[in-house]
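Asks: Pasting in a structure now, in structure tokens, and then I'll have a few things to ask.
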Amino acid sequence: MSTNRPRDARDPGVGAQAVPLATGVPPAPRQPPETEGPPLVRWLHTPRPAAKPGVWRAGHVPKPPEDPDRLGDRELHGTALLALLAGWLVWSLYINGYLGAVTWPLDWIGLDARWRGTTTVGRSVSYVYDVLFACLLFYAFGRVGNGPMLWRRWRPQALRLLCGRRDIEPLSRRRTLRAAAGLLGAYVVWRLSFNADGFWGFWLDPLFAMVPDEASNNWWQDRETTAYALANLWYALYTALIVAVFAPLGDWRGVLRHFPLDPLRRSRGAATADERAELARLTDFTELRAAGAGAAADRLADEVRNGAMGDVDYARIAHAWGAVRARPTELPAFGDAARAQGAAAFVHPSGDRDLPVRAARHDLLTRQVRIGTAPDEERNPYEYRGEDVALDPAVLGTSLLAVGPPGSGKTGRVIRPVTEALCLHALTGQSAVVAVGTASAGLGPDAAFDIIVRVGDPASTHQLDLYGGASDTDEAAALLAEALVGGSRVEPREAAAVLVQLIGPYQAAYGQLPGVPELRAMLDGAPALLATLRDDLNLAGAWDQQRELDARARQAQRPDDLGPHLADRLALLDRAGFSQGDGARRTRPFSLGSLVHPLRVRVDLPATGHAEAGRIITRLLLAQFTAAVTTRPDRSLFACLVLDDATAAITAGTVRGLTHLRPANAGAVLALRTLDDVPAELRTGLLGAVGCRMAFSGITTWDAEHFARAWGKEWTEDQDITRTPDRSGGTFRRAARGVRKLFTGRETTTESVTVRRVERERWSASELAHRVPPRHAVLSMTSVSGEPGPPVLVQLG
């Protein structure tokens, strides 16, 4: 099926010419952007390190290994403040002469206090000794106050403030000590030279030599003379000399290169040759140039630099280049198209180069869409605390089940962003999406989709195929039976046997499968239609199918025949306008077998007066989707079905079908109000069939029990505190405890703490039902490669 079919007639963006070719500005990165370059260049330069499943990788900074003895913020900062005050007190006592014992080493080697206070050398030695003692205090109280831990805690924020980035590697211990020693030496020399007592005044001798009369040595201190400026210049030259001597000793230039103090730019360049090569590959298309398509690379690089290319354009061209690398014979055609069309090359058949509006943050290089942030609290695993949480095909390929009451944020904060992301991926040629919901669900504007199927609307340009494009009668009957009787007491296999007895003869006679009105009439036993069908089978020579009609006629005489029941179910679809009457001939059929193309499809279910028909259609689409994507000959496109309301859509057959989606490069997103909408015997199987589970705030305790069992248990430390009355001490302590009990009414107790390792649920049912704040959800993800993720509390939005 062609993907360039026109949209709905009421869509203002019908046709490629009516939609402006937007260039799509990518979202701003987490770090402050560079001052130069278009937004696309800054977006491409954003680091994207590897991370756990579900972590937003754009601008992500990997965390250091978790410290099991990590102190809390209050304890860490309180200890540091206490150590600072204690160190300041000791230094104050030393400066004011109350710690005479500290200077005993100088007295012991013969450098008494009189010598240290009267001679220039003595005062210099005394000052250096003071500096060394201050360094000793700084080191000792820094260790007592957990200074290294405090620096590691605040290092990312300091680097981000000074350098504009947080992922700079720390200096080695040797380089740090060398730089600190050089800085300390320069400070000591500078203070000895500029001290008010004039310890080192020799550097002023050249300035004094400029005046013949020694009595006027203070001429340069008169601010009204030009000599005052000359003296300040002399100060500056001497300071520059000190810096020039100690800078090479401390390798300050290397330190500044390692920490570029430039808060307006994220980085001045790649730190390694590999990073520089990666940036050149992204922005200069070096791979394309090396393959011999230099003109195409120049055209694309120019459009990247001048801002004519958007993130969707870049992702689409990168995907096309990946296909060329797999088939090198396509390189000439790729080069010609890129050179001629630039950023508009390989555009989607609809002509769209971006969506009309974006409601979420997207990163098309990693194919992620951000849905929220994991709060920095103990209930979340260490790797996810404070990190942005995102979804991508790597986790959606295992299917997602979202359960939450109305108003909890399922549609606006999860379903809509996921649908929007898949539509963007379809524009890049990497995905196909079918979003199903009511017309008021708000899954996206009409201009964001290629095909819009409005069930029951005569103005709709497309109509759902009742059989999902199936050509085999047995498969068509099985899919239809799953939709009509799935989830009820009727066995779908028995219903399929009844349907195939009519579908098979009808196809043999007329070369096509029956529509809803024809199939409903045959199930009702319409004698004229069945007689005409029998005559047409004789004309077609399909005598074997006449036996199917005979069998159907015999079964119709039984009181427990399923024919009338199936006819009643089809009547629901007929009344909802599924076949659209005479307008069906003017509409185009749409089947889920078309998902071999990068299609963006939205299905609007009938109005609320046809709720049961909507449930039948939802089951029909889910059954057809699992059957279509698992039999695709080409599975390079990621196919996803998004159900805004999967109520009554879960059957035993669809649960089995969900387990087959992962190897078929496909997934389903199912939203439920409660697990009570799923038959009790299928709830455990459903939670086991999906790899991503999401429990929203406000779920019931019995729903939470299923999630708690699915997420399992983990080993944790449990503390048992035992309090016993305090009977220790003498008469005075016992009397003091008695007076306290008399006034407070509380007896003094002693506590004993027992710590043991126990296995507890990651999230208990009570916590899920009562401790998840509004607009939050607990989400666990599993990647298609099998990497599991723990349940994470996510603040949505």
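Residues are named by chain letter and number: chains run A, B, ... in the order of the structure tokens, numbers start at 1 in each chain, and ligands are numbered from 1 in the order shown.
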Find the residues around range 674-685 of chain A up to 9 Å (only C-alpha atoms counted), leave out those fewer than 4 positions away in its own chain, and share them as a list in words.
Replies: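 Surrounding residues, per the criterion: Val403, Gly404, Pro405, Gly487, Ala646, Thr647, Ala648, Ala649, Ile650, Thr651, Ala652, Val655, Arg656, Ala689, Val690, Ile699, Thr700, Trp702, Asp703, His706 and Ala710 of chain A.
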Asks: Which neighbours of range 411-413 of chain A fall inside 10 Å, counting only C-alpha atoms, when residues of the same chain fewer than 3 positions from it are skipped, and could you give them as a short mmCIF file (atom, residue, chain, number, x, y, z; two decimals) with C-alpha atoms, in the first residue's frame?
Replies:
data_model
loop_
_atom_site.label_atom_id
_atom_site.label_comp_id
_atom_site.auth_asym_id
_atom_site.auth_seq_id
_atom_site.Cartn_x
_atom_site.Cartn_y
_atom_site.Cartn_z
CA ALA A 359 4.47 18.39 23.07
CA ALA A 360 7.55 16.60 24.48
CA ARG A 370 11.49 12.27 27.66
CA ILE A 371 8.48 11.54 29.89
CA GLY A 372 9.68 12.73 33.31
CA ALA A 402 0.31 1.48 31.77
CA PRO A 406 -8.68 8.47 34.77
CA GLY A 407 -6.87 11.76 35.31
CA SER A 408 -3.60 10.17 36.42
CA ARG A 416 0.76 11.37 23.56
CA PRO A 417 4.58 11.72 23.84
CA VAL A 418 5.13 8.13 22.70
CA THR A 419 2.79 8.59 19.72
CA GLY A 437 -8.32 6.22 20.73
CA ALA A 441 -8.24 11.59 23.32
CA GLY A 442 -5.81 14.18 21.93
CA LEU A 443 -3.29 11.78 20.42
CA LEU A 643 -4.03 1.81 22.50
CA ASP A 644 -5.17 4.75 24.59
CA ASP A 645 -7.79 2.51 26.22
CA ALA A 671 -3.26 1.77 28.69
CA ARG A 775 1.40 13.03 38.62
CA LEU A 796 5.78 12.80 34.92
CA GLY A 797 5.92 15.85 32.69
#
Asks: Expressed in Å to a single decimal, how great is the separation between CA of Phe696 in chain A and CA of Asp388 in chain A?
Replies: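 Going from CA of Phe696 in chain A over to CA of Asp388 in chain A covers 17.4 Å.
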Asks: With DSSP run on the backbone, what are the alpha helix (DSSP H) residues within range 619-745 of chain A? I'd like them as an NGL selection string.
Replies: :A and (619-629 or 652-658 or 680-689 or 701-711 or 731-744)
Asks: Identify, on the basis of only C-alpha atoms, every residue whose closest approach to Asp376 in chain A does not exceed 7 Å; exclude the query and any residue fewer than 2 positions from it along the same chain; express the result as a PDB file with N, CA and C atoms, in the first residue's frame.
Replies:
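Saved to around-v2.pdb:
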ATOM      1  N   ALA A 374      13.248  11.131  37.486  1.00  0.00           N
ATOM      2  CA  ALA A 374      13.259  10.276  38.673  1.00  0.00           C
ATOM      3  C   ALA A 374      13.732  11.105  39.865  1.00  0.00           C
ATOM      4  N   ARG A 385      18.575   8.123  40.242  1.00  0.00           N
ATOM      5  CA  ARG A 385      18.205   9.266  41.074  1.00  0.00           C
ATOM      6  C   ARG A 385      18.601  10.574  40.388  1.00  0.00           C
ATOM      7  N   GLY A 386      17.624  11.443  40.262  1.00  0.00           N
ATOM      8  CA  GLY A 386      17.876  12.741  39.662  1.00  0.00           C
ATOM      9  C   GLY A 386      18.024  12.730  38.149  1.00  0.00           C
TER      10      GLY A 386
END
Asks: Taking 4 positions as the minimum chain separation for residues in the same chain, which residues sit within 6 Å of Gly691 in chain A when counting only C-alpha atoms? Answer as a PyMOL selection string.
Replies: chain A and resi 398-399+782
Asks: Identify, on the basis of only C-alpha atoms, every residue whose closest approach to range 331-338 of chain A does not exceed 8 Å; exclude the query and any residue fewer than 3 positions from it along the same chain; express the result as a PyMOL selection string.
Replies: chain A and resi 293+295-297+299-300+320-321+324+327-328+341-343+345-346
Asks: Could you write those residues out with N, CA and C atoms, as a PDB file, in the first residue's frame?
Replies:
ATOM      1  N   ALA A 293      31.813  10.476  -2.066  1.00  0.00           N
ATOM      2  CA  ALA A 293      30.731  11.414  -2.371  1.00  0.00           C
ATOM      3  C   ALA A 293      31.045  12.753  -1.720  1.00  0.00           C
ATOM      4  N   ALA A 295      31.015  15.864  -2.989  1.00  0.00           N
ATOM      5  CA  ALA A 295      30.078  16.946  -3.288  1.00  0.00           C
ATOM      6  C   ALA A 295      28.831  16.851  -2.415  1.00  0.00           C
ATOM      7  N   ALA A 296      28.322  15.642  -2.228  1.00  0.00           N
ATOM      8  CA  ALA A 296      27.152  15.466  -1.359  1.00  0.00           C
ATOM      9  C   ALA A 296      27.494  15.821   0.085  1.00  0.00           C
ATOM     10  N   ALA A 297      28.685  15.437   0.544  1.00  0.00           N
ATOM     11  CA  ALA A 297      29.089  15.769   1.905  1.00  0.00           C
ATOM     12  C   ALA A 297      29.210  17.273   2.093  1.00  0.00           C
ATOM     13  N   ARG A 299      27.550  19.617   0.450  1.00  0.00           N
ATOM     14  CA  ARG A 299      26.206  20.193   0.459  1.00  0.00           C
ATOM     15  C   ARG A 299      25.531  19.975   1.817  1.00  0.00           C
ATOM     16  N   LEU A 300      25.636  18.790   2.349  1.00  0.00           N
ATOM     17  CA  LEU A 300      25.004  18.498   3.632  1.00  0.00           C
ATOM     18  C   LEU A 300      25.681  19.264   4.763  1.00  0.00           C
ATOM     19  N   ALA A 320      19.205   6.858   5.999  1.00  0.00           N
ATOM     20  CA  ALA A 320      19.419   6.479   4.596  1.00  0.00           C
ATOM     21  C   ALA A 320      20.876   6.107   4.347  1.00  0.00           C
ATOM     22  N   TRP A 321      21.804   6.814   5.001  1.00  0.00           N
ATOM     23  CA  TRP A 321      23.218   6.477   4.849  1.00  0.00           C
ATOM     24  C   TRP A 321      23.524   5.110   5.452  1.00  0.00           C
ATOM     25  N   VAL A 324      22.752   2.620   2.924  1.00  0.00           N
ATOM     26  CA  VAL A 324      23.754   2.585   1.859  1.00  0.00           C
ATOM     27  C   VAL A 324      24.977   1.799   2.309  1.00  0.00           C
ATOM     28  N   ARG A 327      24.281  -1.657   1.659  1.00  0.00           N
ATOM     29  CA  ARG A 327      24.246  -1.972   0.225  1.00  0.00           C
ATOM     30  C   ARG A 327      25.065  -0.915  -0.514  1.00  0.00           C
ATOM     31  N   PRO A 328      26.366  -1.104  -0.639  1.00  0.00           N
ATOM     32  CA  PRO A 328      27.228  -0.074  -1.247  1.00  0.00           C
ATOM     33  C   PRO A 328      26.853   0.275  -2.683  1.00  0.00           C
ATOM     34  N   GLN A 341      19.327  17.724  -3.496  1.00  0.00           N
ATOM     35  CA  GLN A 341      18.245  18.175  -2.633  1.00  0.00           C
ATOM     36  C   GLN A 341      18.710  18.612  -1.254  1.00  0.00           C
ATOM     37  N   GLY A 342      19.905  18.238  -0.843  1.00  0.00           N
ATOM     38  CA  GLY A 342      20.402  18.663   0.459  1.00  0.00           C
ATOM     39  C   GLY A 342      19.587  18.096   1.598  1.00  0.00           C
ATOM     40  N   ALA A 343      19.151  18.982   2.496  1.00  0.00           N
ATOM     41  CA  ALA A 343      18.404  18.543   3.672  1.00  0.00           C
ATOM     42  C   ALA A 343      17.050  17.956   3.321  1.00  0.00           C
ATOM     43  N   ALA A 345      16.498  15.753   1.020  1.00  0.00           N
ATOM     44  CA  ALA A 345      16.663  14.457   0.358  1.00  0.00           C
ATOM     45  C   ALA A 345      15.987  13.359   1.172  1.00  0.00           C
ATOM     46  N   PHE A 346      15.490  12.357   0.447  1.00  0.00           N
ATOM     47  CA  PHE A 346      14.888  11.153   1.042  1.00  0.00           C
ATOM     48  C   PHE A 346      13.716  11.509   1.954  1.00  0.00           C
TER      49      PHE A 346
END
Asks: One number please: CA of Pro517 in chain A to CA of Asp450 in chain A, in Å, one decimal.
Replies: 28.5 Å
Asks: Among range 350-512 of chain A, which ones does DSSP assign to strand (DSSP E or B) (computed from the backbone)? Answer as an MDAnalysis selection string.
Replies: chainID A and resid 362:363 368:373 388:391 400:403 431:437 451:454 462:464
Asks: Name all residues at most 8 Å from Ser579 in chain A (count only C-alpha atoms; drop same-chain ones fewer than 5 positions away) and give them as a list in words.
Replies: Gly456, Gln463, Gly515, Val516, Pro517, Leu573, Asp574 and Ala584 of chain A
Asks: Of the residues A:Leu537, A:Ala496, A:Ala777, A:Ala542, which is the one nearest to Gly563 in chain A, using only C-alpha atoms?
Replies: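 Of A:Leu537, A:Ala496, A:Ala777, A:Ala542, the one nearest Gly563 in chain A, counting only C-alpha atoms, is A:Ala496.
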Asks: Quick one: residues within 10 Å of Tyr187 in chain A, only C-alpha atoms, excluding same-chain residues fewer than 5 positions away - as an mmCIF file with N, CA and C atoms, in the first residue's frame?
Replies:
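Dumped everything to part-v5.cif:
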data_model
loop_
_atom_site.group_PDB
_atom_site.id
_atom_site.type_symbol
_atom_site.label_atom_id
_atom_site.label_comp_id
_atom_site.auth_asym_id
_atom_site.auth_seq_id
_atom_site.Cartn_x
_atom_site.Cartn_y
_atom_site.Cartn_z
ATOM 1 N N VAL A 131 52.637 29.612 57.632
ATOM 2 C CA VAL A 131 51.925 29.090 56.467
ATOM 3 C C VAL A 131 51.883 27.567 56.508
ATOM 4 N N ALA A 181 51.387 22.994 45.158
ATOM 5 C CA ALA A 181 52.684 23.439 45.683
ATOM 6 C C ALA A 181 53.157 24.709 44.985
ATOM 7 N N GLY A 182 52.985 24.778 43.668
ATOM 8 C CA GLY A 182 53.354 25.996 42.952
ATOM 9 C C GLY A 182 52.536 27.194 43.400
ATOM 10 N N LEU A 192 55.529 37.694 51.321
ATOM 11 C CA LEU A 192 56.777 38.162 51.925
ATOM 12 C C LEU A 192 57.283 39.424 51.241
ATOM 13 N N SER A 193 56.984 39.575 49.972
ATOM 14 C CA SER A 193 57.450 40.744 49.232
ATOM 15 C C SER A 193 56.572 41.963 49.470
ATOM 16 N N ILE A 242 56.857 36.820 39.485
ATOM 17 C CA ILE A 242 56.554 35.705 40.402
ATOM 18 C C ILE A 242 55.705 34.648 39.700
ATOM 19 N N VAL A 243 54.681 35.104 38.970
ATOM 20 C CA VAL A 243 53.811 34.165 38.247
ATOM 21 C C VAL A 243 54.610 33.421 37.184
ATOM 22 N N PHE A 246 56.692 30.610 38.983
ATOM 23 C CA PHE A 246 55.992 29.493 39.623
ATOM 24 C C PHE A 246 54.989 28.811 38.702
#
Asks: To one decimal place in Å, what is the distance between CA of Arg367 in chain A and CA of His425 in chain A?
Replies: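 CA of Arg367 in chain A sits 7.4 Å away from CA of His425 in chain A.
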Asks: Can you work out which one of A:Arg600, A:Arg74, A:Arg152, A:Arg771 has the shortest atom-to-atom distance to Val434 in chain A, counting only C-alpha atoms?
Replies: A:Arg600
